[in-house]
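As structure tokens, the structure follows; a few thoughts come after it.
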Amino acid sequence: VDAKTHPYISTGLKDNKFGVDITLAPAIYAQAQQMPSLNIVGLDCHIGSQITEISPYLDALNKLIALMHQLQAQGVELSHLDIGGGLGIRYTDETPATPSDLLSAVFGALDQANLGHLQLVLEPGRSMVGNAGVLLTRVEYLKTNQDKHFAVVDAAMNDLIRPTLYDAWHDVESVRPHTDGTATAQYDIVGPICESGDWLAKDRALALKQDDLLAVMSAGAYAFTMASQYNTRPRAAEVIVDNQSVHLVRPREELHSLFEHERLID
């Protein structure tokens, strides 16, 4: 099933490493039926991530419904169906489907197939938290190579790898926009790591000065969870803001903690 998303986050094609060929599934379930230690309860699938249309889900569901009817014919009674996750969010100009749109279509298809009794399981992580988080970073200095402008910031690809990994777009906003007539230029927002792939955004129209704070938006999903300590960079602090309350969830790592498990060998 083509999820119509970036190839690196597609999981339901024959070129992808995941899952079991659906044509082999009946034989696998038959084998499991012969094993007294196994209790067959469900059918699970996942077709990709950052999906903005409902049609790929319904394409997958139609295949799953046909498989479930085939399994029923061989005596396999299922109690749950997991259609995976992947529901997208708006990073720039996407118009993603809503959870209610998806659920209405899925429940309708299951009812029509007389499978409305199944417990439906979904994994909607990004759609719940993706736009709830931002990455705050400070402009260390501004650099110009002829007509090319760079804003070198203290965050880097180790903090948010999605742009260089997927060519992903994250909006970048000034925390305190200038009102003094600071000139706007097209900036690449880059980090201090010794990789040309160390960038967070490219060609963004911003009015910047050194020490400005920038907010890299939509960093609530696949951001800190994919962060690393590459180039001996301690990972950032995590903070929850709840109305007027601020809670430190994870302290900023200290440099010495990166080496605490290293030992000298006599």
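Each chain in the structure tokens gets a letter, A, B, ..., in the order shown, and its residues are numbered from 1; ligands are numbered from 1 in order too.
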
In stretch 22-245 of chain A, DSSP alpha helix (DSSP H) residues written as number ranges by chain
A: 25-33, 55-73, 99-112, 125-129, 162-166

Counting only C-alpha atoms, what is within 6 Å of A:Tyr187, bar same-chain residues fewer than 4 positions away, as a PyMOL selection string?
chain A and resi 149-150+203-204

Just-selected residues, N, CA and C atoms written as a PDB file, in the first residue's frame:
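The resulting part.pdb:
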ATOM      1  N   HIS A 149      23.382  33.792   3.013  1.00  0.00           N
ATOM      2  CA  HIS A 149      23.331  34.206   4.404  1.00  0.00           C
ATOM      3  C   HIS A 149      23.079  32.992   5.302  1.00  0.00           C
ATOM      4  N   PHE A 150      23.851  32.905   6.371  1.00  0.00           N
ATOM      5  CA  PHE A 150      23.701  31.834   7.350  1.00  0.00           C
ATOM      6  C   PHE A 150      23.440  32.429   8.723  1.00  0.00           C
ATOM      7  N   ASP A 203      16.731  28.926   3.415  1.00  0.00           N
ATOM      8  CA  ASP A 203      16.091  30.007   2.665  1.00  0.00           C
ATOM      9  C   ASP A 203      14.837  30.539   3.362  1.00  0.00           C
ATOM     10  N   ARG A 204      15.005  30.948   4.622  1.00  0.00           N
ATOM     11  CA  ARG A 204      13.889  31.519   5.375  1.00  0.00           C
ATOM     12  C   ARG A 204      14.062  33.033   5.475  1.00  0.00           C
TER      13      ARG A 204
END

Can you pull out every residue from stretch 142-248 of chain A that DSSP, working from the backbone, puts in strand (DSSP E), and format the result as a ChimeraX atom specification?
/A:142-145,148-153,172-174,184-190,199-207,213-216,238-242,245-248

Selection export as a compact mmCIF listing (two decimals), in the first residue's frame, atoms kept: N, CA and C atoms:
# COMPACT_ATOMS: atom_id res chain seq x y z
N LEU A 142 25.92 35.63 12.72
CA LEU A 142 25.44 35.67 11.34
C LEU A 142 26.63 35.70 10.41
N LYS A 143 26.52 34.93 9.32
CA LYS A 143 27.64 34.79 8.40
C LYS A 143 27.13 34.96 6.98
N THR A 144 27.93 35.62 6.14
CA THR A 144 27.55 35.84 4.75
C THR A 144 28.68 35.37 3.84
N ASN A 145 28.35 34.49 2.90
CA ASN A 145 29.26 34.09 1.84
C ASN A 145 28.74 34.68 0.54
N LYS A 148 25.04 34.48 0.00
CA LYS A 148 24.45 33.44 0.84
C LYS A 148 24.54 33.84 2.30
N HIS A 149 23.38 33.79 3.01
CA HIS A 149 23.33 34.21 4.40
C HIS A 149 23.08 32.99 5.30
N PHE A 150 23.85 32.91 6.37
CA PHE A 150 23.70 31.83 7.35
C PHE A 150 23.44 32.43 8.72
N ALA A 151 22.53 31.81 9.45
CA ALA A 151 22.36 32.09 10.87
C ALA A 151 22.84 30.84 11.61
N VAL A 152 24.00 30.95 12.26
CA VAL A 152 24.57 29.81 12.99
C VAL A 152 23.98 29.82 14.39
N VAL A 153 23.28 28.77 14.74
CA VAL A 153 22.55 28.70 16.01
C VAL A 153 23.18 27.64 16.91
N VAL A 172 10.21 28.37 11.19
CA VAL A 172 11.12 29.03 12.13
C VAL A 172 10.58 30.43 12.38
N GLU A 173 10.39 30.76 13.65
CA GLU A 173 9.86 32.07 14.01
C GLU A 173 10.76 32.75 15.03
N SER A 174 10.87 34.06 14.92
CA SER A 174 11.60 34.83 15.93
C SER A 174 10.76 34.92 17.19
N THR A 184 15.49 42.31 6.56
CA THR A 184 15.14 40.90 6.34
C THR A 184 16.03 40.32 5.25
N ALA A 185 16.49 39.08 5.46
CA ALA A 185 17.29 38.39 4.46
C ALA A 185 16.87 36.93 4.42
N GLN A 186 17.32 36.24 3.37
CA GLN A 186 17.04 34.81 3.25
C GLN A 186 18.16 34.05 3.95
N TYR A 187 17.84 33.41 5.06
CA TYR A 187 18.84 32.73 5.87
C TYR A 187 18.69 31.21 5.80
N ASP A 188 19.83 30.53 5.78
CA ASP A 188 19.88 29.11 6.14
C ASP A 188 20.16 29.06 7.64
N ILE A 189 19.34 28.32 8.38
CA ILE A 189 19.53 28.16 9.82
C ILE A 189 20.36 26.90 10.01
N VAL A 190 21.60 27.08 10.47
CA VAL A 190 22.55 25.97 10.53
C VAL A 190 23.13 25.85 11.94
N TRP A 199 21.78 21.35 9.23
CA TRP A 199 20.92 22.51 9.03
C TRP A 199 19.52 22.18 9.56
N LEU A 200 18.83 23.23 9.99
CA LEU A 200 17.47 23.10 10.51
C LEU A 200 16.43 23.69 9.56
N ALA A 201 16.84 24.64 8.74
CA ALA A 201 15.93 25.26 7.79
C ALA A 201 16.76 25.98 6.73
N LYS A 202 16.21 26.10 5.54
CA LYS A 202 16.92 26.76 4.45
C LYS A 202 16.04 27.83 3.82
N ASP A 203 16.73 28.93 3.42
CA ASP A 203 16.09 30.01 2.66
C ASP A 203 14.84 30.54 3.36
N ARG A 204 15.00 30.95 4.62
CA ARG A 204 13.89 31.52 5.38
C ARG A 204 14.06 33.03 5.48
N ALA A 205 12.99 33.76 5.18
CA ALA A 205 13.02 35.22 5.25
C ALA A 205 12.86 35.65 6.71
N LEU A 206 13.95 36.14 7.29
CA LEU A 206 13.96 36.50 8.71
C LEU A 206 14.77 37.78 8.90
N ALA A 207 14.36 38.58 9.87
CA ALA A 207 15.14 39.75 10.29
C ALA A 207 15.85 39.37 11.58
N LEU A 213 16.61 34.78 19.82
CA LEU A 213 16.05 33.46 20.07
C LEU A 213 15.10 33.10 18.93
N LEU A 214 15.23 31.87 18.45
CA LEU A 214 14.36 31.36 17.39
C LEU A 214 13.58 30.16 17.92
N ALA A 215 12.35 30.03 17.46
CA ALA A 215 11.53 28.86 17.76
C ALA A 215 11.38 28.03 16.50
N VAL A 216 11.90 26.82 16.54
CA VAL A 216 11.72 25.87 15.44
C VAL A 216 10.46 25.08 15.76
N GLU A 238 14.39 19.53 28.45
CA GLU A 238 12.99 19.47 28.02
C GLU A 238 12.13 20.13 29.09
N VAL A 239 11.22 20.98 28.64
CA VAL A 239 10.39 21.76 29.56
C VAL A 239 8.94 21.67 29.09
N ILE A 240 8.02 21.50 30.04
CA ILE A 240 6.59 21.57 29.75
C ILE A 240 6.05 22.90 30.24
N VAL A 241 5.33 23.59 29.37
CA VAL A 241 4.67 24.84 29.73
C VAL A 241 3.17 24.57 29.77
N ASP A 242 2.57 24.76 30.94
CA ASP A 242 1.15 24.51 31.16
C ASP A 242 0.53 25.81 31.66
N SER A 245 2.35 27.77 34.29
CA SER A 245 3.28 26.89 35.01
C SER A 245 4.33 26.34 34.06
N VAL A 246 5.55 26.25 34.57
CA VAL A 246 6.68 25.72 33.79
C VAL A 246 7.31 24.58 34.59
N HIS A 247 7.50 23.44 33.94
CA HIS A 247 8.02 22.26 34.62
C HIS A 247 9.23 21.73 33.86
N LEU A 248 10.33 21.54 34.55
CA LEU A 248 11.52 20.93 33.94
C LEU A 248 11.32 19.42 33.93

Got a sec: who's within 8 Å of stretch 253-260 of chain A, counting only C-alpha atoms, leaving out chain neighbours fewer than 5 positions off, as a list in words?
Gln229, Thr232, Arg233, Pro234, Arg235, Ala236 and Ala237 of chain A

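In this structure, atom CA of A:Pro124 sits 14.8 Å away from atom CA of A:Ile9.
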
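Pairwise distance (atom CA of A:Val121, atom CA of A:Gly85) equals 9.2 Å.
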
Leaving out A:Ile54 and any residue of its chain fewer than 3 positions from it, which residues lie within 7 Å of it when counting only C-alpha atoms, given as a PyMOL selection string?
chain A and resi 57-58+97+102

Quick one: residues within 9 Å of A:Val41, only C-alpha atoms, excluding same-chain residues fewer than 2 positions away - as a count of residues only?
8

Nearest residue to A:Val129 out of A:Ser228, A:Gly220, A:Asp180, A:Ala27, using only C-alpha atoms?
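For A:Val129, the nearest of the given residues is A:Gly220.
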
re atom CA of A:Gln74 and atom CA of A:Pro26: distance 8.4 Å

Spatial neighbours of A:Thr11, max dist 10 Å, only C-alpha atoms, sep filter under 2 positions, as a VMD selection string
chain A and resid 1 to 3 5 7 to 9 13 to 19 45 to 49

Kindly export the residues of the current selection with N, CA, C and O atoms, as a PDB file, in the first residue's frame.
ATOM      1  N   VAL A   1       0.856  -1.191   0.000  1.00  0.00           N
ATOM      2  CA  VAL A   1       0.000   0.000   0.000  1.00  0.00           C
ATOM      3  C   VAL A   1       0.883   1.228   0.000  1.00  0.00           C
ATOM      4  O   VAL A   1       1.773   1.368   0.843  1.00  0.00           O
ATOM      5  N   ASP A   2       0.655   2.114  -0.948  1.00  0.00           N
ATOM      6  CA  ASP A   2       1.420   3.351  -1.042  1.00  0.00           C
ATOM      7  C   ASP A   2       0.799   4.386  -0.115  1.00  0.00           C
ATOM      8  O   ASP A   2      -0.327   4.849  -0.328  1.00  0.00           O
ATOM      9  N   ALA A   3       1.537   4.774   0.931  1.00  0.00           N
ATOM     10  CA  ALA A   3       1.036   5.752   1.896  1.00  0.00           C
ATOM     11  C   ALA A   3       1.165   7.185   1.393  1.00  0.00           C
ATOM     12  O   ALA A   3       0.734   8.119   2.067  1.00  0.00           O
ATOM     13  N   THR A   5       3.774   9.152   1.128  1.00  0.00           N
ATOM     14  CA  THR A   5       4.571   9.927   2.053  1.00  0.00           C
ATOM     15  C   THR A   5       6.036   9.785   1.667  1.00  0.00           C
ATOM     16  O   THR A   5       6.368   9.146   0.658  1.00  0.00           O
ATOM     17  N   PRO A   7       9.629   8.407   1.198  1.00  0.00           N
ATOM     18  CA  PRO A   7      10.008   6.985   1.127  1.00  0.00           C
ATOM     19  C   PRO A   7      10.690   6.456   2.386  1.00  0.00           C
ATOM     20  O   PRO A   7      10.612   5.262   2.680  1.00  0.00           O
ATOM     21  N   TYR A   8      11.357   7.344   3.143  1.00  0.00           N
ATOM     22  CA  TYR A   8      12.040   6.878   4.348  1.00  0.00           C
ATOM     23  C   TYR A   8      11.077   6.539   5.476  1.00  0.00           C
ATOM     24  O   TYR A   8      11.465   5.869   6.441  1.00  0.00           O
ATOM     25  N   ILE A   9       9.831   7.043   5.393  1.00  0.00           N
ATOM     26  CA  ILE A   9       8.865   6.755   6.447  1.00  0.00           C
ATOM     27  C   ILE A   9       7.647   6.015   5.892  1.00  0.00           C
ATOM     28  O   ILE A   9       6.574   6.014   6.482  1.00  0.00           O
ATOM     29  N   LEU A  13       5.222  -0.971   1.636  1.00  0.00           N
ATOM     30  CA  LEU A  13       5.532  -1.396   0.270  1.00  0.00           C
ATOM     31  C   LEU A  13       6.437  -2.616   0.282  1.00  0.00           C
ATOM     32  O   LEU A  13       7.111  -2.907   1.272  1.00  0.00           O
ATOM     33  N   LYS A  14       6.493  -3.309  -0.848  1.00  0.00           N
ATOM     34  CA  LYS A  14       7.344  -4.502  -0.913  1.00  0.00           C
ATOM     35  C   LYS A  14       8.824  -4.145  -0.812  1.00  0.00           C
ATOM     36  O   LYS A  14       9.649  -4.993  -0.485  1.00  0.00           O
ATOM     37  N   ASP A  15       9.161  -2.894  -1.089  1.00  0.00           N
ATOM     38  CA  ASP A  15      10.551  -2.463  -0.953  1.00  0.00           C
ATOM     39  C   ASP A  15      10.934  -2.175   0.495  1.00  0.00           C
ATOM     40  O   ASP A  15      12.113  -1.948   0.786  1.00  0.00           O
ATOM     41  N   ASN A  16       9.966  -2.158   1.400  1.00  0.00           N
ATOM     42  CA  ASN A  16      10.236  -1.849   2.799  1.00  0.00           C
ATOM     43  C   ASN A  16      10.544  -3.129   3.577  1.00  0.00           C
ATOM     44  O   ASN A  16      10.082  -4.212   3.230  1.00  0.00           O
ATOM     45  N   LYS A  17      11.295  -2.981   4.652  1.00  0.00           N
ATOM     46  CA  LYS A  17      11.773  -4.143   5.415  1.00  0.00           C
ATOM     47  C   LYS A  17      10.739  -4.705   6.388  1.00  0.00           C
ATOM     48  O   LYS A  17      10.969  -5.767   6.972  1.00  0.00           O
ATOM     49  N   PHE A  18       9.605  -4.039   6.545  1.00  0.00           N
ATOM     50  CA  PHE A  18       8.704  -4.364   7.643  1.00  0.00           C
ATOM     51  C   PHE A  18       7.672  -5.425   7.265  1.00  0.00           C
ATOM     52  O   PHE A  18       7.303  -5.585   6.110  1.00  0.00           O
ATOM     53  N   GLY A  19       7.197  -6.117   8.275  1.00  0.00           N
ATOM     54  CA  GLY A  19       5.991  -6.911   8.154  1.00  0.00           C
ATOM     55  C   GLY A  19       6.138  -8.228   7.431  1.00  0.00           C
ATOM     56  O   GLY A  19       7.226  -8.676   7.081  1.00  0.00           O
ATOM     57  N   CYS A  45      -1.316  -3.807  11.297  1.00  0.00           N
ATOM     58  CA  CYS A  45      -0.617  -3.321  10.113  1.00  0.00           C
ATOM     59  C   CYS A  45      -0.100  -1.910  10.370  1.00  0.00           C
ATOM     60  O   CYS A  45      -0.518  -1.234  11.313  1.00  0.00           O
ATOM     61  N   HIS A  46       0.812  -1.480   9.524  1.00  0.00           N
ATOM     62  CA  HIS A  46       1.330  -0.115   9.564  1.00  0.00           C
ATOM     63  C   HIS A  46       1.816   0.204   8.156  1.00  0.00           C
ATOM     64  O   HIS A  46       2.581  -0.560   7.576  1.00  0.00           O
ATOM     65  N   ILE A  47       1.349   1.328   7.602  1.00  0.00           N
ATOM     66  CA  ILE A  47       1.691   1.618   6.203  1.00  0.00           C
ATOM     67  C   ILE A  47       2.616   2.810   6.041  1.00  0.00           C
ATOM     68  O   ILE A  47       3.096   3.055   4.935  1.00  0.00           O
ATOM     69  N   GLY A  48       2.868   3.571   7.112  1.00  0.00           N
ATOM     70  CA  GLY A  48       3.760   4.712   6.965  1.00  0.00           C
ATOM     71  C   GLY A  48       3.463   5.791   7.981  1.00  0.00           C
ATOM     72  O   GLY A  48       2.629   5.625   8.881  1.00  0.00           O
ATOM     73  N   SER A  49       4.149   6.911   7.818  1.00  0.00           N
ATOM     74  CA  SER A  49       4.033   8.017   8.759  1.00  0.00           C
ATOM     75  C   SER A  49       3.835   9.326   7.997  1.00  0.00           C
ATOM     76  O   SER A  49       4.161   9.415   6.809  1.00  0.00           O
TER      77      SER A  49
END

A:Ile51, A:Ala219, A:Ala30, A:Val106: which is nearest A:Gly133, counting only C-alpha atoms?
A:Ala219

Pick from A:Ala132, A:Ala25, A:Leu103, A:Val175 nearest to A:Leu208, counting only C-alpha atoms:
A:Val175

Which one of A:Val249, A:Cys194, A:Leu160, A:Leu264 sits closest to A:Tyr222 if you count only C-alpha atoms?
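For A:Tyr222, the nearest of the candidates is A:Leu160.
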